[in-house]
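Take a look at the structure set out below.
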Amino acid sequence: MTKIAVLVSGSGSNLQALIDANLSGKIVGVLSNRPNAYALRRAQQANIATSVIEHKTFPSREAFDAAMHQQLQAWDVDLVILAGFMRILTPTFVEAWEGKMLNIHPSLLPAYKGMHTHQRVLNTGDRLHGCTVHFVTAELDAGQSLAQGVLTVPRFDDAEQLADRVHVLEHLVYPQVVEWICSGQLNYVSPQQVDFRGKPLLKPIQFCQL
Ligand code: GRF
């Protein structure tokens with residue numbers, strides 16, 4: 001059974017979606033860099049072990065990442081899920097979890113890497129928006145995309161309304177991708193190749209709400 005750790009910094013609605021999905025893997029721990037993250041409460045309510053490792057208390061990114069790495073190893077984790085985890089990871093940490101660490105980003109990557117994606121989409125006037133689940137590589141939001149939730153941007157949405165809509169899609173797409181990995185349907189081969197049901201995945205699998 002795949003042992004999963006979820007890394008969080010905030011509300012943890014994606015964590016909740018993963019908990020509610022009854023995955024064939026098991027979430028063995030939730031790690032937060034912020035002691036007051038609501039996600040920790042969600043984990044406790046689901047009887048999942050939690051760990052708070054406050055980045056502020058470490059002298060460097062390297063030292064913080066080393067502490068996280070130690071906790072993940074103590075939990076004997078196979079898969080690391082970033083779910084609203086708001087720290088940039090060091091190349092050493094990312095390499096240690098190559099092919100075993102996923103992130104969800106609130107845009108249709110490669111468009112809109114970085115922050116404030118919803119407002120940027122509105123500013124540009126794009127018709128399509130959504131979220132992307134991807135493997136994590138040292139370059140920010142640049143690992144191979146596995147799946148995307150796609151929606152049409154409603155004409156009068158503000159950034160908050162649009163974020164809410166994207167969240168609904170995130171809660172659908174992320175558990176599905178994690179389950180594909182847990183059930184051996186989605187396999188990391190190399191930084192350039194992921195296999196889905198035995199064949200190389202050439203483009204992200206799309207979930208459309210158009
Ligand atoms: C999501 O929008 C996700 O795409 C981004 O951080 C947010 C986390 O939300 N990476 P939540 O904490 O899961 O509610």
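We name chains A, B, ... following the order of the structure tokens; residues begin at 1 in each chain, and ligands are numbered from 1 as shown.
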Compile a residue-level contact table for chain A against ligand 1 at a cut-off of 7 Å, reporting for every qualifying residue the shortest atom pair and its distance in Å to one decimal, with only C-alpha atoms and all ligand atoms counted, rows ordered by chain and ascending number, as JSON lines.
{"residue": "A:Val8", "atom": "CA", "partner": "ligand 1", "partner_atom_place_in_ligand_line": "12 (O)", "distance": 6.6}
{"residue": "A:Ser9", "atom": "CA", "partner": "ligand 1", "partner_atom_place_in_ligand_line": "12 (O)", "distance": 6.8}
{"residue": "A:Gly10", "atom": "CA", "partner": "ligand 1", "partner_atom_place_in_ligand_line": "12 (O)", "distance": 4.7}
{"residue": "A:Ser11", "atom": "CA", "partner": "ligand 1", "partner_atom_place_in_ligand_line": "12 (O)", "distance": 4.0}
{"residue": "A:Gly12", "atom": "CA", "partner": "ligand 1", "partner_atom_place_in_ligand_line": "12 (O)", "distance": 3.5}
{"residue": "A:Ser13", "atom": "CA", "partner": "ligand 1", "partner_atom_place_in_ligand_line": "14 (O)", "distance": 3.6}
{"residue": "A:Asn14", "atom": "CA", "partner": "ligand 1", "partner_atom_place_in_ligand_line": "13 (O)", "distance": 3.6}
{"residue": "A:Leu15", "atom": "CA", "partner": "ligand 1", "partner_atom_place_in_ligand_line": "13 (O)", "distance": 5.8}
{"residue": "A:Ala39", "atom": "CA", "partner": "ligand 1", "partner_atom_place_in_ligand_line": "12 (O)", "distance": 7.0}
{"residue": "A:Ala83", "atom": "CA", "partner": "ligand 1", "partner_atom_place_in_ligand_line": "13 (O)", "distance": 5.2}
{"residue": "A:Gly84", "atom": "CA", "partner": "ligand 1", "partner_atom_place_in_ligand_line": "6 (O)", "distance": 3.4}
{"residue": "A:Phe85", "atom": "CA", "partner": "ligand 1", "partner_atom_place_in_ligand_line": "10 (N)", "distance": 6.6}
{"residue": "A:Asn103", "atom": "CA", "partner": "ligand 1", "partner_atom_place_in_ligand_line": "10 (N)", "distance": 6.8}
{"residue": "A:Ile104", "atom": "CA", "partner": "ligand 1", "partner_atom_place_in_ligand_line": "4 (O)", "distance": 4.9}
{"residue": "A:His105", "atom": "CA", "partner": "ligand 1", "partner_atom_place_in_ligand_line": "4 (O)", "distance": 4.1}
{"residue": "A:Pro106", "atom": "CA", "partner": "ligand 1", "partner_atom_place_in_ligand_line": "4 (O)", "distance": 4.1}
{"residue": "A:Cys131", "atom": "CA", "partner": "ligand 1", "partner_atom_place_in_ligand_line": "4 (O)", "distance": 6.6}
{"residue": "A:His167", "atom": "CA", "partner": "ligand 1", "partner_atom_place_in_ligand_line": "2 (O)", "distance": 6.0}
{"residue": "A:Glu170", "atom": "CA", "partner": "ligand 1", "partner_atom_place_in_ligand_line": "4 (O)", "distance": 6.8}
Restrict the selected residues to all heavy atoms and save them as a short mmCIF file (atom, residue, chain, number, x, y, z; two decimals), in the first residue's frame.
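Final output, saved to part37.cif:
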data_model
loop_
_atom_site.label_atom_id
_atom_site.label_comp_id
_atom_site.auth_asym_id
_atom_site.auth_seq_id
_atom_site.Cartn_x
_atom_site.Cartn_y
_atom_site.Cartn_z
N VAL A 8 1.32 20.84 3.84
CA VAL A 8 0.34 21.91 3.80
C VAL A 8 0.88 23.16 4.47
O VAL A 8 1.83 23.10 5.26
CB VAL A 8 -0.95 21.48 4.53
CG1 VAL A 8 -1.63 20.31 3.84
CG2 VAL A 8 -0.65 21.12 6.00
N SER A 9 0.21 24.28 4.17
CA SER A 9 0.51 25.52 4.89
C SER A 9 -0.77 26.24 5.31
O SER A 9 -0.70 27.17 6.12
CB SER A 9 1.30 26.49 4.00
OG SER A 9 2.51 25.96 3.58
N GLY A 10 -1.90 25.84 4.75
CA GLY A 10 -3.10 26.65 4.96
C GLY A 10 -4.35 25.86 5.26
O GLY A 10 -4.34 24.94 6.07
N SER A 11 -5.40 26.20 4.52
CA SER A 11 -6.73 25.68 4.82
C SER A 11 -6.85 24.16 4.63
O SER A 11 -7.53 23.48 5.40
CB SER A 11 -7.73 26.42 3.95
OG SER A 11 -8.64 25.54 3.38
N GLY A 12 -6.22 23.64 3.62
CA GLY A 12 -6.21 22.19 3.46
C GLY A 12 -7.46 21.60 2.83
O GLY A 12 -7.79 20.45 3.08
N SER A 13 -8.11 22.38 1.98
CA SER A 13 -9.31 21.80 1.33
C SER A 13 -8.91 20.65 0.40
O SER A 13 -9.66 19.68 0.24
CB SER A 13 -10.11 22.87 0.59
OG SER A 13 -9.41 23.35 -0.52
N ASN A 14 -7.73 20.75 -0.20
CA ASN A 14 -7.28 19.62 -1.04
C ASN A 14 -6.94 18.41 -0.18
O ASN A 14 -7.20 17.27 -0.58
CB ASN A 14 -6.06 20.03 -1.88
CG ASN A 14 -6.48 20.78 -3.13
OD1 ASN A 14 -7.00 20.18 -4.06
ND2 ASN A 14 -6.29 22.08 -3.13
N LEU A 15 -6.37 18.64 0.98
CA LEU A 15 -6.13 17.53 1.91
C LEU A 15 -7.46 16.86 2.23
O LEU A 15 -7.57 15.63 2.21
CB LEU A 15 -5.48 18.06 3.20
CG LEU A 15 -5.48 17.08 4.37
CD1 LEU A 15 -4.59 15.88 4.08
CD2 LEU A 15 -5.05 17.77 5.67
N ALA A 39 -5.46 23.02 8.06
CA ALA A 39 -5.26 21.65 7.54
C ALA A 39 -4.87 20.68 8.65
O ALA A 39 -5.23 19.50 8.61
CB ALA A 39 -4.18 21.68 6.46
N ALA A 83 0.04 20.21 -1.03
CA ALA A 83 -1.35 20.68 -1.14
C ALA A 83 -1.45 22.04 -0.46
O ALA A 83 -1.76 22.14 0.73
CB ALA A 83 -2.30 19.67 -0.50
N GLY A 84 -1.10 23.07 -1.23
CA GLY A 84 -1.09 24.41 -0.67
C GLY A 84 0.10 24.61 0.25
O GLY A 84 0.02 25.34 1.24
N PHE A 85 1.21 23.99 -0.08
CA PHE A 85 2.44 24.13 0.72
C PHE A 85 3.22 25.31 0.16
O PHE A 85 3.63 25.28 -1.01
CB PHE A 85 3.26 22.84 0.66
CG PHE A 85 4.48 22.89 1.51
CD1 PHE A 85 4.38 22.88 2.88
CD2 PHE A 85 5.74 22.93 0.93
CE1 PHE A 85 5.52 22.92 3.68
CE2 PHE A 85 6.88 22.98 1.72
CZ PHE A 85 6.77 22.98 3.10
N ASN A 103 2.47 18.17 -7.06
CA ASN A 103 1.92 19.45 -6.64
C ASN A 103 0.67 19.73 -7.46
O ASN A 103 0.51 19.20 -8.57
CB ASN A 103 2.95 20.57 -6.89
CG ASN A 103 2.45 21.91 -6.41
OD1 ASN A 103 1.81 22.02 -5.34
ND2 ASN A 103 2.71 22.96 -7.17
N ILE A 104 -0.21 20.56 -6.89
CA ILE A 104 -1.32 21.07 -7.70
C ILE A 104 -1.16 22.58 -7.77
O ILE A 104 -0.88 23.23 -6.76
CB ILE A 104 -2.70 20.66 -7.16
CG1 ILE A 104 -3.79 21.04 -8.14
CG2 ILE A 104 -2.96 21.23 -5.77
CD1 ILE A 104 -5.06 20.25 -8.01
N HIS A 105 -1.29 23.08 -8.98
CA HIS A 105 -1.09 24.52 -9.19
C HIS A 105 -2.36 25.10 -9.81
O HIS A 105 -2.92 24.50 -10.74
CB HIS A 105 0.11 24.74 -10.12
CG HIS A 105 0.40 26.19 -10.35
ND1 HIS A 105 1.00 26.98 -9.39
CD2 HIS A 105 0.13 27.00 -11.39
CE1 HIS A 105 1.10 28.22 -9.85
NE2 HIS A 105 0.58 28.26 -11.07
N PRO A 106 -2.80 26.26 -9.33
CA PRO A 106 -4.08 26.80 -9.82
C PRO A 106 -3.96 27.56 -11.13
O PRO A 106 -4.29 28.75 -11.21
CB PRO A 106 -4.53 27.70 -8.67
CG PRO A 106 -3.27 28.16 -8.03
CD PRO A 106 -2.27 27.04 -8.20
N CYS A 131 -6.65 24.08 -13.26
CA CYS A 131 -5.59 23.66 -12.35
C CYS A 131 -4.80 22.53 -13.00
O CYS A 131 -5.29 21.86 -13.92
CB CYS A 131 -6.19 23.17 -11.03
SG CYS A 131 -7.33 21.80 -11.20
N HIS A 167 -11.03 25.62 -7.24
CA HIS A 167 -10.91 24.70 -6.10
C HIS A 167 -11.80 23.47 -6.29
O HIS A 167 -11.40 22.35 -5.97
CB HIS A 167 -11.31 25.42 -4.81
CG HIS A 167 -10.13 25.80 -3.98
ND1 HIS A 167 -9.71 27.10 -3.80
CD2 HIS A 167 -9.26 25.04 -3.28
CE1 HIS A 167 -8.64 27.12 -3.03
NE2 HIS A 167 -8.34 25.89 -2.71
N GLU A 170 -10.01 21.27 -8.49
CA GLU A 170 -8.83 20.69 -7.82
C GLU A 170 -9.23 19.47 -7.01
O GLU A 170 -8.54 18.45 -7.01
CB GLU A 170 -8.19 21.73 -6.89
CG GLU A 170 -7.53 22.88 -7.62
CD GLU A 170 -6.84 23.86 -6.69
OE1 GLU A 170 -6.66 23.57 -5.50
OE2 GLU A 170 -6.49 24.95 -7.16
#
Find the nearest atom pair between each residue of segment 111-157 of chain A and segment 187-206 of chain A for residues within 8 Å, count only C-alpha atoms, give distances in Å to one decimal, sort rows by chain and ascending number, and present the table as JSON lines.
{"residue": "A:Gly143", "atom": "CA", "partner": "A:Pro191", "partner_atom": "CA", "distance": 7.6}
{"residue": "A:Gln144", "atom": "CA", "partner": "A:Gln192", "partner_atom": "CA", "distance": 7.2}
{"residue": "A:Ser145", "atom": "CA", "partner": "A:Pro204", "partner_atom": "CA", "distance": 5.5}
{"residue": "A:Leu146", "atom": "CA", "partner": "A:Pro204", "partner_atom": "CA", "distance": 4.6}
{"residue": "A:Ala147", "atom": "CA", "partner": "A:Ile205", "partner_atom": "CA", "distance": 4.4}
{"residue": "A:Gln148", "atom": "CA", "partner": "A:Gln206", "partner_atom": "CA", "distance": 4.9}
{"residue": "A:Gly149", "atom": "CA", "partner": "A:Gln206", "partner_atom": "CA", "distance": 5.9}
{"residue": "A:Val150", "atom": "CA", "partner": "A:Gln206", "partner_atom": "CA", "distance": 6.9}
What is the atom CA of Leu40 of chain A to atom CA of Phe207 of chain A distance in Å?
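Distance reported for this atom pair: 28.8 Å.
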**Study point:** Polymer residues at most 7 Å from segment 86-101 of chain A, only C-alpha atoms, same-chain spacing of 2 or more positions, as a list in words
**Key:**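 Close residues of segment 86-101 of chain A: Ser9, Arg61, Glu62, Asp65, Asp78, Leu79, Val80, Ile81, Gly84, Asn103, Phe135, Val136, Thr137, Ala138 and Tyr188 of chain A.
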* To do: Write down as a VMD selection string the residues of chain A whose backbone DSSP state falls under alpha helix (DSSP H).
  => chain A and resid 13 to 20 38 to 45 61 to 74 91 to 96 117 to 124 159 to 182
Write out as a Markdown table the residues of segment 109-192 of chain A that have any atom within 8 Å of an atom of segment 16-29 of chain A, one row each with the nearest atom pair and its distance in Å to one decimal, counting only C-alpha atoms, sorted by chain and then rising number.
| residue | atom | partner | partner_atom | distance |
| --- | --- | --- | --- | --- |
| A:His171 | CA | A:Ala17 | CA | 5.4 |
| A:Leu172 | CA | A:Ala17 | CA | 7.7 |
| A:Tyr174 | CA | A:Leu18 | CA | 7.5 |
| A:Pro175 | CA | A:Leu18 | CA | 5.3 |
| A:Val178 | CA | A:Leu23 | CA | 7.8 |
| A:Glu179 | CA | A:Leu23 | CA | 5.9 |
| A:Cys182 | CA | A:Gly25 | CA | 5.5 |
| A:Ser183 | CA | A:Ser24 | CA | 6.9 |
Practice problem: DSSP on the backbone, then: every residue of segment 26-209 of chain A marked strand (DSSP E or B), written as a ChimeraX atom specification. | Solution: /A:26-32,50-52,79-82,101-105,128-135,145-152,186-190,193-196,199-200,205-209
- Item | Residue contacts of segment 109-121 of chain A (7 Å, only C-alpha atoms) excluding same-chain residues fewer than 5 positions away, as a list in words |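 After dropping sequence-adjacent residues, the list is Asp126, Thr132, Asp141, Ala159, Leu162 and Ala163 of chain A.
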Same residues, C-alpha atoms, saved as a compact mmCIF listing (two decimals), in the first residue's frame:
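Saved as out_19.txt:
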# COMPACT_ATOMS: atom_id res chain seq x y z
CA ASP A 126 -8.44 34.40 -20.93
CA THR A 132 -2.70 21.32 -13.07
CA ASP A 141 5.82 24.73 -11.43
CA ALA A 159 -10.62 36.54 -8.52
CA LEU A 162 -12.82 32.14 -9.88
CA ALA A 163 -10.57 30.67 -7.18
Quiz item: Nearest to Gln70 of chain A among A:Val153, A:Leu186, A:Val177, A:Ile53, with distances taken over only C-alpha atoms: which residue is it?
Solution: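 Among the listed residues, the smallest separation from Gln70 of chain A belongs to A:Ile53.
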Have a look at atom CA of Leu31 of chain A and atom CA of Asp164 of chain A and let me know their distance in Å, one decimal.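 Straight-line distance from atom CA of Leu31 of chain A to atom CA of Asp164 of chain A works out to 24.1 Å.
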Looking at A:Lys3, A:His55, A:Arg41, A:Arg34, which one is nearest to Leu72 of chain A, with distances taken over only C-alpha atoms?
->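 Ranked by minimum distance to Leu72 of chain A, first place goes to A:Lys3.
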